[in-house]
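All remarks here apply to the structure that follows.
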Amino acid sequence: MPIIKFEQVRYNTRKRCKCASCGKAVSRSTTIIKTVNPFNKNADGSIKTRAEVRADCDKEASKWHTKPEWCKDCNEQRSR
Ligand SMILES: [Zn+2]
């Protein structure tokens, strides 16, 4: 069996925001990883190109940027 390696698109992004509870400065970073593969298709059935997969990462990143975040202390309180 040959090993099929799909091309990976890695997208690193970071944000600085305020804790949704106490307003303390919070910084977060994330890595969005997507692969260019035959199952990742456009609505018209064509396989997504690297640029199109990258555009998906962009969309996901902007969603992540609008997500509220909590500082460590508030996170602890929230999980209690
Ligand atoms: Zn907080």
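Ordering of the structure tokens sets the chain letters (A, B, ...); residue numbers start at 1 within each chain; ligands are numbered from 1 in the order shown.
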
Considering only C-alpha atoms and all ligand atoms, tabulate each residue of chain A that lies at most 10 Å from ligand 1 along with its nearest interatomic pair and the corresponding distance in Å to one decimal; arrange the rows by chain and ascending residue number and present them as CSV.
```
residue,atom,partner,partner_atom_place_in_ligand_line,distance
A:Lys18,CA,ligand 1,1 (Zn),7.9
A:Cys19,CA,ligand 1,1 (Zn),4.7
A:Ala20,CA,ligand 1,1 (Zn),6.6
A:Ser21,CA,ligand 1,1 (Zn),5.0
A:Cys22,CA,ligand 1,1 (Zn),4.1
A:Gly23,CA,ligand 1,1 (Zn),6.0
A:Lys24,CA,ligand 1,1 (Zn),5.5
A:Ala25,CA,ligand 1,1 (Zn),8.2
A:Val26,CA,ligand 1,1 (Zn),8.3
A:Glu69,CA,ligand 1,1 (Zn),8.5
A:Trp70,CA,ligand 1,1 (Zn),5.2
A:Cys71,CA,ligand 1,1 (Zn),4.2
A:Lys72,CA,ligand 1,1 (Zn),6.7
A:Asp73,CA,ligand 1,1 (Zn),5.8
A:Cys74,CA,ligand 1,1 (Zn),4.4
A:Asn75,CA,ligand 1,1 (Zn),7.3
A:Glu76,CA,ligand 1,1 (Zn),9.4
A:Gln77,CA,ligand 1,1 (Zn),9.2
A:Arg78,CA,ligand 1,1 (Zn),9.9
```

From the DSSP assignment of the backbone, select every residue of chain A that is strand (DSSP E or B), and format the answer as number ranges by chain.
A: 7-19, 25-36, 41, 47, 69

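Nearest residue to Pro68 of chain A among A:Cys17, A:Val53, A:Ile32, A:Ala43 is A:Cys17, counting only C-alpha atoms.
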
Could you give me, as a VMD selection string, each residue of chain A that DSSP assigns to helix (DSSP H, G or I) when run on this structure's backbone?
chain A and resid 50 to 66 72 to 79

For Ala55 of chain A, the nearest of the candidates A:Lys34, A:Ser29, A:Glu7, A:Phe39, counting only C-alpha atoms
A:Lys34

Which residues are near Glu60 of chain A? Cut-off 12 Å, only C-alpha atoms, ignore same chain within fewer than 6 positions. Put them as a ChimeraX atom specification.
/A:11-13,30-34,53-54,66-67

Distance criterion (only C-alpha atoms): nearest to Arg10 of chain A out of A:Lys59, A:Thr35, A:Arg80, A:Glu52
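Closest residue, counting only C-alpha atoms: A:Thr35.
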
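The two atoms in question, atom CA of Lys15 of chain A and atom CA of His65 of chain A, are spaced 6.7 Å apart.
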
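For the pair atom CA of Lys63 of chain A and atom CA of Gln8 of chain A, the interatomic distance is 20.5 Å.
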
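Between atom CA of Val9 of chain A and atom CA of Cys57 of chain A lies a distance of 8.3 Å.
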